[in-house]
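Source file query.cif; content: mmCIF, C-alpha atoms.
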data_my_file
loop_
_atom_site.label_atom_id
_atom_site.label_comp_id
_atom_site.auth_asym_id
_atom_site.auth_seq_id
_atom_site.Cartn_x
_atom_site.Cartn_y
_atom_site.Cartn_z
CA MET A 1 -24.95 100.76 213.81
CA ALA A 2 -21.37 101.97 213.67
CA LEU A 3 -21.96 104.04 216.79
CA ILE A 4 -23.24 101.00 218.70
CA ASP A 5 -20.21 99.09 217.51
CA ILE A 6 -17.85 101.70 218.87
CA ARG A 7 -19.74 101.85 222.16
CA GLN A 8 -19.49 98.10 222.56
CA ARG A 9 -15.80 98.12 221.79
CA THR A 10 -15.23 100.95 224.27
CA GLY A 11 -17.24 99.06 226.88
CA TYR A 12 -15.09 95.96 226.46
CA LEU A 13 -11.97 98.09 226.54
CA LEU A 14 -13.09 99.78 229.76
CA LEU A 15 -13.92 96.43 231.34
CA THR A 16 -10.55 94.96 230.35
CA VAL A 17 -8.55 97.93 231.62
CA VAL A 18 -10.51 98.15 234.88
CA LEU A 19 -10.21 94.40 235.53
CA ALA A 20 -6.49 94.45 234.78
CA GLN A 21 -5.95 97.24 237.27
CA ILE A 22 -8.08 95.56 239.93
CA LEU A 23 -5.91 92.44 239.51
CA LEU A 24 -2.82 94.60 239.75
CA ILE A 25 -4.05 96.22 242.98
CA SER A 26 -5.05 92.84 244.46
CA ALA A 27 -1.62 91.38 243.77
CA GLN A 28 0.08 94.21 245.63
CA VAL A 29 -2.29 94.33 248.55
CA ASN A 30 -1.92 90.59 249.16
CA SER A 31 1.89 90.63 249.11
CA ARG A 32 3.42 93.59 250.89
CA SER A 33 7.08 92.61 250.54
CA GLY A 34 9.64 94.98 249.08
CA VAL A 35 9.28 97.47 246.25
CA PRO A 36 7.26 96.41 243.19
CA VAL A 37 9.39 95.84 240.09
CA LEU A 38 7.19 98.16 238.01
CA GLU A 39 7.71 100.95 240.55
CA GLN A 40 11.46 100.40 240.58
CA VAL A 41 11.80 100.38 236.77
CA THR A 42 9.46 103.30 236.16
CA PHE A 43 11.10 105.31 238.90
CA SER A 44 14.57 104.65 237.46
CA VAL A 45 13.50 105.68 233.96
CA PHE A 46 11.52 108.72 234.98
CA SER A 47 14.04 109.97 237.50
CA GLU A 48 16.34 110.51 234.51
CA ALA A 49 13.62 112.66 232.94
CA GLN A 50 13.28 114.50 236.25
CA ARG A 51 17.03 115.02 236.29
CA GLY A 52 16.86 116.50 232.76
CA THR A 53 13.92 118.77 233.59
CA PHE A 54 15.56 119.84 236.81
CA GLY A 55 18.80 120.54 234.90
CA ILE A 56 16.96 122.79 232.45
CA VAL A 57 14.99 124.58 235.19
CA SER A 58 18.01 125.00 237.46
CA GLY A 59 20.07 126.10 234.42
CA PHE A 60 17.62 128.94 233.82
CA ARG A 61 17.51 129.74 237.52
CA ASN A 62 21.29 129.78 237.76
CA ALA A 63 21.64 131.92 234.64
CA TRP A 64 19.14 134.37 236.08
CA SER A 65 20.68 134.56 239.54
CA ASN A 66 24.30 134.60 238.33
CA TYR A 67 24.13 137.04 235.44
CA ILE A 68 21.16 139.25 236.25
CA GLY A 69 21.44 139.26 240.02
CA LEU A 70 24.34 140.33 242.18
CA ARG A 71 26.77 137.56 241.42
CA ARG A 72 29.38 138.16 244.05
CA VAL A 73 26.87 138.77 246.83
CA LYS A 74 25.02 135.63 245.90
CA SER A 75 28.11 133.42 245.94
CA GLU A 76 29.12 134.88 249.30
CA ASN A 77 25.62 134.26 250.55
CA ASP A 78 25.76 130.67 249.28
CA ASP A 79 29.09 130.13 251.08
CA LEU A 80 27.68 131.52 254.29
CA LYS A 81 24.57 129.36 253.96
CA ARG A 82 26.75 126.30 253.43
CA GLN A 83 28.85 127.16 256.45
CA LEU A 84 25.69 127.70 258.49
CA ALA A 85 24.32 124.35 257.33
CA VAL A 86 27.54 122.58 258.33
CA THR A 87 27.49 124.35 261.70
CA GLN A 88 23.86 123.45 262.27
CA VAL A 89 24.55 119.80 261.48
CA ALA A 90 27.52 119.87 263.86
CA LEU A 91 25.31 121.51 266.48
CA GLN A 92 22.74 118.76 266.05
CA GLU A 93 25.44 116.14 266.39
CA GLN A 94 26.64 117.85 269.55
CA ARG A 95 23.09 117.99 270.83
CA ALA A 96 22.73 114.28 270.10
CA LEU A 97 26.03 113.64 271.85
CA ALA A 98 24.97 115.60 274.91
CA ASP A 99 21.67 113.77 274.88
CA ARG A 100 23.42 110.47 274.83
CA SER A 101 25.76 111.50 277.60
CA ARG A 102 22.73 112.00 279.81
CA SER A 103 21.37 108.61 279.05
CA LEU A 104 21.91 105.56 281.13
CA GLU A 105 23.65 103.80 278.25
CA GLN A 106 26.40 106.37 278.23
CA MET A 107 26.68 106.38 282.03
CA LEU A 108 27.27 102.66 282.07
CA ASP A 109 29.63 103.00 279.10
CA LEU A 110 27.84 100.23 277.26
CA ARG A 111 28.06 101.80 273.83
CA SER A 112 30.62 104.02 272.16
CA HIS A 113 29.45 106.89 269.98
CA VAL A 114 30.07 106.60 266.26
CA ALA A 115 30.19 109.83 264.19
CA LEU A 116 27.59 110.00 261.44
CA SER A 117 28.76 109.63 257.89
CA THR A 118 26.59 111.50 255.38
CA VAL A 119 26.22 112.04 251.64
CA VAL A 120 25.04 115.42 250.35
CA ALA A 121 22.25 115.21 247.78
CA GLU A 122 20.22 117.71 245.81
CA ILE A 123 16.46 117.50 245.38
CA ILE A 124 15.60 117.17 241.68
CA GLY A 125 11.88 116.45 241.77
CA ALA A 126 8.74 116.08 243.83
CA ALA A 127 5.99 113.45 243.98
CA ALA A 128 4.02 112.72 240.83
CA THR A 129 0.74 112.93 242.68
CA PRO A 130 -0.19 115.55 245.26
CA ASP A 131 -1.46 112.89 247.71
CA PHE A 132 2.03 111.61 248.44
CA ARG A 133 4.81 113.61 250.06
CA THR A 134 7.98 112.33 248.42
CA VAL A 135 10.95 113.95 246.70
CA THR A 136 13.58 112.63 244.30
CA ILE A 137 17.26 113.22 245.08
CA ASP A 138 20.20 113.12 242.67
CA LYS A 139 22.15 110.39 244.49
CA GLY A 140 21.33 106.69 244.43
CA ALA A 141 22.63 103.17 244.92
CA GLY A 142 25.75 104.12 242.94
CA ASP A 143 26.63 106.52 245.76
CA GLY A 144 26.02 103.89 248.42
CA LEU A 145 22.43 104.86 249.24
CA LYS A 146 20.02 102.11 250.24
CA LYS A 147 16.39 101.72 251.20
CA ASP A 148 15.52 102.94 254.70
CA MET A 149 18.53 105.21 255.08
CA SER A 150 17.52 108.35 256.93
CA VAL A 151 17.64 111.77 255.31
CA ILE A 152 18.30 114.89 257.36
CA SER A 153 18.89 118.59 256.81
CA PRO A 154 20.54 121.24 258.96
CA ALA A 155 17.11 122.10 260.40
CA GLY A 156 16.20 118.52 261.33
CA VAL A 157 14.89 115.18 260.11
CA VAL A 158 13.57 115.10 256.52
CA GLY A 159 12.55 111.48 255.92
CA ARG A 160 13.83 108.13 254.68
CA ILE A 161 14.75 106.54 251.35
CA VAL A 162 12.00 104.28 250.01
CA VAL A 163 13.27 103.49 246.50
CA SER A 164 16.83 103.72 245.26
CA SER A 165 17.96 103.47 241.65
CA VAL A 166 21.55 103.71 240.42
CA ARG A 167 21.67 107.51 240.09
CA SER A 168 18.72 108.71 242.14
CA ALA A 169 16.54 107.86 245.10
CA LYS A 170 13.02 108.56 246.29
CA VAL A 171 12.69 110.04 249.76
CA GLN A 172 9.49 109.68 251.73
CA LEU A 173 9.10 112.90 253.71
CA LEU A 174 8.25 112.69 257.40
CA ILE A 175 4.95 114.49 256.70
CA ASP A 176 3.71 111.74 254.33
CA ARG A 177 0.69 109.87 255.69
CA ASN A 178 2.60 106.58 255.52
CA ALA A 179 5.66 107.93 257.35
CA ALA A 180 6.42 107.36 261.02
CA ALA A 181 9.36 107.82 263.37
CA GLY A 182 10.11 107.17 267.00
CA GLY A 183 10.22 110.45 268.92
CA ILE A 184 11.06 111.65 272.39
CA VAL A 185 10.27 114.89 274.22
CA GLU A 186 13.69 116.39 274.85
CA ARG A 187 12.76 118.02 278.17
CA SER A 188 10.76 115.29 279.88
CA ARG A 189 11.97 112.20 277.92
CA ALA A 190 8.40 111.13 277.20
CA GLN A 191 8.35 108.77 274.22
CA GLY A 192 5.91 108.40 271.35
CA ILE A 193 5.51 107.70 267.65
CA LEU A 194 5.38 110.57 265.16
CA VAL A 195 3.09 110.01 262.20
CA GLY A 196 2.75 112.19 259.09
CA GLU A 197 -0.51 113.99 258.55
CA GLY A 198 -0.09 114.57 254.81
CA ASP A 199 0.12 118.33 255.12
CA ARG A 200 2.53 120.49 257.12
CA GLN A 201 2.26 118.86 260.53
CA LEU A 202 2.91 115.64 262.42
CA ARG A 203 0.91 113.78 265.02
CA MET A 204 2.61 112.27 268.07
CA ASP A 205 0.82 109.09 269.10
CA PHE A 206 1.10 106.82 272.11
CA VAL A 207 2.26 109.47 274.59
CA ALA A 208 0.75 108.50 277.92
CA ASP A 209 -1.81 110.89 279.39
CA ALA A 210 0.34 111.20 282.54
CA ALA A 211 3.44 112.22 280.54
CA ASP A 212 4.80 115.75 280.91
CA VAL A 213 4.39 117.49 277.53
CA ILE A 214 3.81 121.21 276.99
CA VAL A 215 3.46 123.47 273.93
CA GLY A 216 6.89 124.45 272.62
CA ASP A 217 8.67 121.27 273.73
CA VAL A 218 11.32 120.10 271.28
CA ILE A 219 10.80 116.59 269.89
CA VAL A 220 13.88 114.65 268.86
CA THR A 221 14.32 111.21 267.33
CA SER A 222 14.44 108.37 269.84
CA GLY A 223 16.26 105.94 267.56
CA ILE A 224 13.96 103.03 268.43
CA ASP A 225 12.76 102.70 264.82
CA GLY A 226 16.23 101.67 263.64
CA ILE A 227 16.06 104.18 260.79
CA TYR A 228 16.63 107.65 262.24
CA PRO A 229 19.72 108.33 264.36
CA LYS A 230 18.96 109.23 267.96
CA GLY A 231 18.78 112.85 269.10
CA PHE A 232 17.99 114.67 265.84
CA VAL A 233 15.37 117.42 265.91
CA ILE A 234 11.97 116.54 264.47
CA GLY A 235 9.98 119.62 265.48
CA ARG A 236 8.21 121.50 268.24
CA VAL A 237 4.95 120.68 269.99
CA GLU A 238 2.23 122.94 268.63
CA THR A 239 -0.80 121.70 270.53
CA VAL A 240 -1.41 119.25 273.37
CA GLU A 241 -4.91 118.03 274.08
CA LYS A 242 -6.20 115.67 276.69
CA SER A 243 -8.12 113.20 274.58
CA GLY A 244 -9.84 111.64 277.55
CA GLY A 245 -8.32 108.24 276.86
CA ALA A 246 -4.98 106.81 277.85
CA TYR A 247 -2.99 109.04 275.51
CA HIS A 248 -2.40 112.73 274.75
CA ARG A 249 -3.38 114.17 271.37
CA ILE A 250 -0.23 116.02 270.30
CA ILE A 251 0.38 117.98 267.10
CA VAL A 252 3.99 118.72 266.18
CA ARG A 253 5.20 121.32 263.70
CA PRO A 254 8.25 119.94 261.83
CA ALA A 255 11.51 121.84 262.16
CA VAL A 256 12.13 121.44 258.44
CA ASP A 257 10.38 123.64 255.86
CA PHE A 258 9.66 120.90 253.33
CA SER A 259 8.57 123.31 250.58
CA GLY A 260 11.91 125.14 250.67
CA LEU A 261 14.24 122.14 250.72
CA GLU A 262 17.01 122.11 248.12
CA ASP A 263 19.89 120.08 249.59
CA VAL A 264 19.72 117.22 252.08
CA LEU A 265 22.10 114.84 253.84
CA VAL A 266 21.65 111.08 253.65
CA VAL A 267 22.95 109.25 256.71
CA VAL A 268 24.92 106.27 255.45
CA THR A 269 26.14 105.14 258.88
CA PRO A 270 23.96 102.19 259.93
CA THR A 271 21.81 103.07 262.91
CA PRO A 272 21.31 100.52 265.70
CA GLY A 273 18.65 98.04 264.63
CA ARG A 274 19.37 98.37 260.90
CA ASP A 275 21.17 95.55 259.17
CA PRO A 276 24.43 97.08 257.90
CA ALA A 277 24.66 94.57 255.07
CA SER A 278 21.35 95.24 253.43
CA GLY A 279 20.41 98.55 254.94
CA ALA A 280 16.81 97.42 255.03
CA SER A 281 14.43 97.12 257.89
CA GLU A 282 10.96 96.15 256.74
CA MET B 1 0.92 110.47 215.76
CA LYS B 2 -2.02 111.17 218.05
CA ALA B 3 -0.78 108.59 220.55
CA ALA B 4 2.67 110.18 220.49
CA ARG B 5 1.12 113.61 221.16
CA ILE B 6 -0.85 112.20 224.11
CA ILE B 7 2.22 110.44 225.56
CA LEU B 8 4.19 113.68 225.17
CA ALA B 9 1.40 115.69 226.86
CA VAL B 10 1.31 113.24 229.81
CA ALA B 11 5.12 113.28 230.08
CA VAL B 12 5.20 117.09 230.06
CA ALA B 13 2.43 117.22 232.69
CA LEU B 14 4.33 114.73 234.88
CA ALA B 15 7.59 116.62 234.44
CA LEU B 16 5.92 119.92 235.34
CA GLN B 17 4.06 118.29 238.22
CA THR B 18 7.23 116.79 239.71
CA THR B 19 9.38 119.86 239.06
CA LEU B 20 7.01 122.59 240.14
CA ALA B 21 5.04 120.77 242.83
CA ARG B 22 7.78 121.04 245.43
CA PHE B 23 7.66 124.81 245.16
CA VAL B 24 3.92 124.86 245.92
CA VAL B 25 3.68 122.03 248.50
CA ARG B 26 1.46 123.89 250.90
CA GLY B 27 -1.12 121.23 251.71
CA ALA B 28 -4.17 123.10 250.52
CA VAL B 29 -2.98 123.65 246.96
CA ALA B 30 -2.77 120.25 245.29
CA ILE B 31 -3.03 120.64 241.53
CA ASP B 32 -3.02 117.44 239.47
CA LEU B 33 -1.79 118.45 236.01
CA VAL B 34 -1.93 114.83 234.82
CA LEU B 35 -5.65 114.69 235.61
CA VAL B 36 -6.12 117.92 233.65
CA VAL B 37 -4.41 116.33 230.63
CA VAL B 38 -6.52 113.15 230.93
CA VAL B 39 -9.80 115.12 231.00
CA TYR B 40 -8.63 117.38 228.17
CA VAL B 41 -7.74 114.39 225.97
CA ALA B 42 -11.02 112.66 226.88
CA LEU B 43 -13.11 115.72 225.98
CA THR B 44 -11.33 116.24 222.67
CA SER B 45 -10.85 112.61 221.60
CA GLY B 46 -13.69 110.56 223.12
CA SER B 47 -14.19 107.94 225.79
CA ALA B 48 -11.94 105.16 224.36
CA THR B 49 -8.93 107.46 224.09
CA GLY B 50 -9.89 109.04 227.41
CA LEU B 51 -9.89 105.77 229.29
CA MET B 52 -6.63 104.58 227.70
CA THR B 53 -4.96 107.92 228.49
CA GLY B 54 -6.32 107.75 232.03
CA ALA B 55 -5.01 104.21 232.52
CA PHE B 56 -1.58 105.03 231.08
CA ALA B 57 -1.13 108.31 232.95
CA GLY B 58 -2.54 106.95 236.22
CA LEU B 59 -0.30 103.88 236.19
CA ILE B 60 2.79 105.97 235.51
CA GLN B 61 1.79 108.34 238.32
CA ASP B 62 1.19 105.41 240.68
CA ALA B 63 4.52 103.83 239.81
CA MET B 64 6.26 107.08 240.63
CA SER B 65 4.48 107.44 243.96
CA SER B 66 4.88 105.29 247.03
CA GLY B 67 1.33 103.98 246.88
CA VAL B 68 -0.38 100.94 245.39
CA ILE B 69 0.07 100.72 241.62
CA GLY B 70 -3.35 100.70 239.98
CA ILE B 71 -5.42 102.81 242.35
CA GLY B 72 -4.68 106.11 240.65
CA GLY B 73 -4.79 104.30 237.30
CA LEU B 74 -8.24 102.91 238.00
CA ALA B 75 -9.54 106.30 239.16
CA LYS B 76 -8.14 108.07 236.10
CA THR B 77 -9.40 105.33 233.73
CA ILE B 78 -12.98 105.81 234.90
CA VAL B 79 -12.66 109.59 234.97
CA GLY B 80 -11.21 109.54 231.43
CA PHE B 81 -14.00 107.28 230.20
CA LEU B 82 -16.79 109.37 231.75
CA ALA B 83 -15.29 112.69 230.62
CA GLY B 84 -14.99 111.29 227.08
CA PHE B 85 -18.56 110.02 227.22
CA ILE B 86 -19.82 113.45 228.34
CA GLY B 87 -17.75 115.08 225.61
CA THR B 88 -19.40 112.95 222.92
CA GLN B 89 -22.96 113.21 224.30
CA PHE B 90 -23.11 116.90 225.20
CA ILE B 91 -21.80 120.14 223.73
CA VAL B 92 -18.88 121.07 225.96
CA SER B 93 -17.38 123.99 224.06
CA GLN B 94 -17.99 126.90 226.44
CA PRO B 95 -15.88 127.71 229.52
CA LEU B 96 -18.68 127.05 232.03
CA PRO B 97 -19.58 123.51 230.86
CA ARG B 98 -15.87 122.74 230.61
CA PHE B 99 -15.30 124.03 234.13
CA LEU B 100 -18.12 121.81 235.39
CA VAL B 101 -16.70 118.73 233.64
CA PHE B 102 -13.19 119.37 235.01
CA PHE B 103 -14.59 120.09 238.48
CA GLY B 104 -16.75 116.94 238.48
CA ALA B 105 -13.86 114.86 237.16
CA ALA B 106 -11.53 116.10 239.92
CA VAL B 107 -14.13 115.43 242.65
CA LEU B 108 -14.85 111.94 241.25
CA HIS B 109 -11.12 111.22 241.01
CA ALA B 110 -10.53 112.32 244.62
CA ALA B 111 -13.50 110.26 245.84
CA MET B 112 -12.34 107.12 244.02
CA PHE B 113 -8.67 107.54 244.89
CA MET B 114 -9.25 108.18 248.60
CA GLY B 115 -12.19 105.76 248.74
CA LEU B 116 -10.13 102.85 247.39
CA TYR B 117 -7.30 103.51 249.83
CA VAL B 118 -9.72 103.69 252.76
CA LEU B 119 -11.63 100.63 251.52
CA LEU B 120 -8.42 98.60 251.39
CA ASP B 121 -7.42 100.00 254.79
CA LEU B 122 -4.07 101.15 253.42
CA ARG B 123 -4.27 104.85 254.16
CA HIS B 124 -6.55 107.30 255.90
CA PHE B 125 -7.20 110.78 254.62
CA GLY B 126 -8.19 113.62 256.90
CA THR B 127 -9.07 115.79 253.88
CA SER B 128 -12.34 117.66 254.27
CA MET B 129 -14.93 118.15 251.54
CA THR B 130 -14.05 121.86 251.41
CA VAL B 131 -10.40 121.07 250.66
CA VAL B 132 -11.41 118.55 247.96
CA ALA B 133 -13.76 121.13 246.42
CA GLY B 134 -11.00 123.77 246.52
CA GLN B 135 -8.53 121.44 244.82
CA ALA B 136 -11.15 120.45 242.23
CA ALA B 137 -11.87 124.13 241.50
CA SER B 138 -8.12 124.82 241.06
CA ASN B 139 -7.82 121.89 238.64
CA ALA B 140 -10.94 123.04 236.78
CA VAL B 141 -9.62 126.59 236.37
CA ILE B 142 -6.34 125.24 234.97
CA GLY B 143 -8.25 122.87 232.65
CA VAL B 144 -10.38 125.70 231.24
CA LEU B 145 -7.27 127.88 230.81
CA VAL B 146 -5.50 125.05 228.94
CA PHE B 147 -8.50 124.74 226.59
CA GLN B 148 -8.60 128.51 225.99
CA LEU B 149 -4.84 128.60 225.39
CA VAL B 150 -4.84 125.69 222.94
CA GLU B 151 -7.75 127.20 221.03
CA PHE B 152 -6.32 130.73 221.10
CA LEU B 153 -2.76 129.99 219.97
CA PRO B 154 -3.39 128.73 216.37
CA GLY B 155 -5.89 131.58 215.79
CA ALA B 156 -3.41 134.15 217.10
CA ALA B 157 -0.69 132.87 214.78
CA GLU B 158 -3.02 133.06 211.77
CA ARG B 159 -4.17 136.56 212.72
CA ARG B 160 -0.54 137.68 212.99
CA ARG B 161 0.26 136.20 209.56
CA ALA B 162 -2.79 137.88 208.02
CA SER B 163 -1.90 141.30 209.49
CA ARG B 164 1.67 141.00 208.17
CA THR B 165 0.35 140.15 204.68
CA ARG B 166 -1.94 143.22 204.79
CA LEU B 167 0.96 145.48 205.80
CA ARG B 168 3.13 144.23 202.91
CA ARG B 169 0.37 145.06 200.43
#
Could you render the structure from this file as structure tokens?
Amino acid sequence: MALIDIRQRTGYLLLTVVLAQILLISAQVNSRSGVPVLEQVTFSVFSEAQRGTFGIVSGFRNAWSNYIGLRRVKSENDDLKRQLAVTQVALQEQRALADRSRSLEQMLDLRSHVALSTVVAEIIGAAATPDFRTVTIDKGAGDGLKKDMSVISPAGVVGRIVVSSVRSAKVQLLIDRNAAAGGIVERSRAQGILVGEGDRQLRMDFVADAADVIVGDVIVTSGIDGIYPKGFVIGRVETVEKSGGAYHRIIVRPAVDFSGLEDVLVVVTPTPGRDPASGASE
Amino acid sequence: MKAARIILAVAVALALQTTLARFVVRGAVAIDLVLVVVVYVALTSGSATGLMTGAFAGLIQDAMSSGVIGIGGLAKTIVGFLAGFIGTQFIVSQPLPRFLVFFGAAVLHAAMFMGLYVLLDLRHFGTSMTVVAGQAASNAVIGVLVFQLVEFLPGAAERRRASRTRLRR
């Protein structure tokens, strides 16, 4: 009798919990505006835990590398890496500048170039579930970061900020299935939309079948999305297939090694199309 | 006390998942430590605790991801309930039955999680059955190892104490 009792109680409990979650899902699916409050609060609270865990882990890692390893060589190596990163960013800016100088906009002198202002951030955590490709960084709204600000690294585009708390922010990587960015083939200027595939590659959609695209072509940001600054490297074309329809089927390998990322740069300069006051573009 | 232990276990799994996952983000290897904890709790504590742990852990995981809050929670609630039910109805004390429960739980979780997203037309997964099976096997191996470790550690401590007592005599 007692067993039946427990079973009934568990059944009711299951029904209640399942129904509550179905209601929760329905509420979100019907209204797709902004970040849910629960997500914001939980993220803020747990990002502090991530910060603590990261501090402990990086403390051990630092102790190991500084006291057991070759300390001087490592610090020199770090300095050189930093210098290389700065140089690579400058190179990308120069590339973007040169790109712009070729464009009609620049020829007609319609727009003046504004140097990018960035904030350096460290990655302190990854996504809580393996199905999403996000990372947590140690800078947030307190450092001037807002939703939809683009995140780059010396190698290329990393992603965009999707949630920002006071001291940390969540970055959706470009390889996430929900991520997309406007892209352009650097050589032929063919435009398309890059969409994350959830693993290590990107898909370039809406590139006309007649467009000139070959394997090895460099894809850079086109800036039409209003999130990513124009001219930054996204990756290289890995495969091009004629799908038979109106568009090519193009697979792009990102320039950034997302599994080895440690430090990133958040672009705080508003890009054309993004509202400078709110920083949001839904 | 038990609830505190479960919350702590989920928090540790989440912390490990978020800290270590970025070092193993390779696409094919997608271990869900939170799911392992949910199935472990369900097998050791029954279906009611399993479903509550699944709901709690899944909702936290959803809230920390960029997806819809409740989808992972719903999947883990049902997985926790079923794993707990199997744990109370069958003898699941050997590595092979445990492996099968963990494997089945991971496959069911993947099917529900991806299925709900596809059903709601929010996300499309290109994951093949082979990849899902590989991920489920990885989760199952970790689950069985966790069981073995938890069962081995108290015994090892007692054995060490007993051997020390014998040496003193």
Exercise. Can you give me, as a list of chain:residue names, the residues this file yields under the PyMOL selection byres ((chain A) within 6 of (chain B))?
Key: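 Written out, the selection comes to A:Thr10, A:Gln21, A:Ile25, A:Glu39, A:Phe43, A:Gly125, A:Ala126, A:Ala127, A:Ala128, A:Pro130, A:Asp199, A:Ser259.
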Quiz prompt | Between CA of Ile7 (chain B) and CA of Gly11 (chain A) - distance in Å to one decimal | solution =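 Separation between CA of Gly11 (chain A) and CA of Ile7 (chain B): 22.6 Å.
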Quiz item: Applied to the shown file, which residues does the PyMOL selection byres ((chain A and resi 204) around 8) return, written as a list of chain:residue names?
Solution: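 Output from the PyMOL selection byres ((chain A and resi 204) around 8), applied to this file: A:Gly183, A:Gly192, A:Ile193, A:Leu194, A:Val195, A:Leu202, A:Arg203, A:Asp205, A:Phe206, A:Val207, A:Arg249, A:Ile250, A:Ile251, A:Val252.
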Quiz item: Could you work out how far CA of Val171 (chain A) lies from CA of Met149 (chain A), giving the answer in Å with one decimal?
Solution: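 Computing it gives 9.3 Å between the two atoms.
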Quiz item: How far is it from CA of Arg5 (chain B) to CA of Ala111 (chain B), in Å with one decimal?
Solution: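 Result for CA of Arg5 (chain B) versus CA of Ala111 (chain B): 28.9 Å, one decimal.
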Quiz item: Using only C-alpha atoms, which of A:Arg177, A:Lys74, A:Arg160, A:Arg82 sits nearest Tyr117 (chain B)?
Solution: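 Among the listed residues, A:Arg177 lies closest to Tyr117 (chain B).
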Exercise. Just say which residues the PyMOL selection byres ((chain B and resi 36) around 12) picks in this file, as a PyMOL selection string.
Key: chain B and resi 9-10+12-14+17+31-35+37-43+50+53-54+57-58+76+79-80+83+98-99+101-106+109+135-147
Quiz prompt | Val185 (chain A) surroundings by only C-alpha atoms, 12 Å radius, close-in-sequence under 4 positions cut, as a PyMOL selection string | solution = chain A and resi 99+189-194+204+207+211-222+231-237+250+252
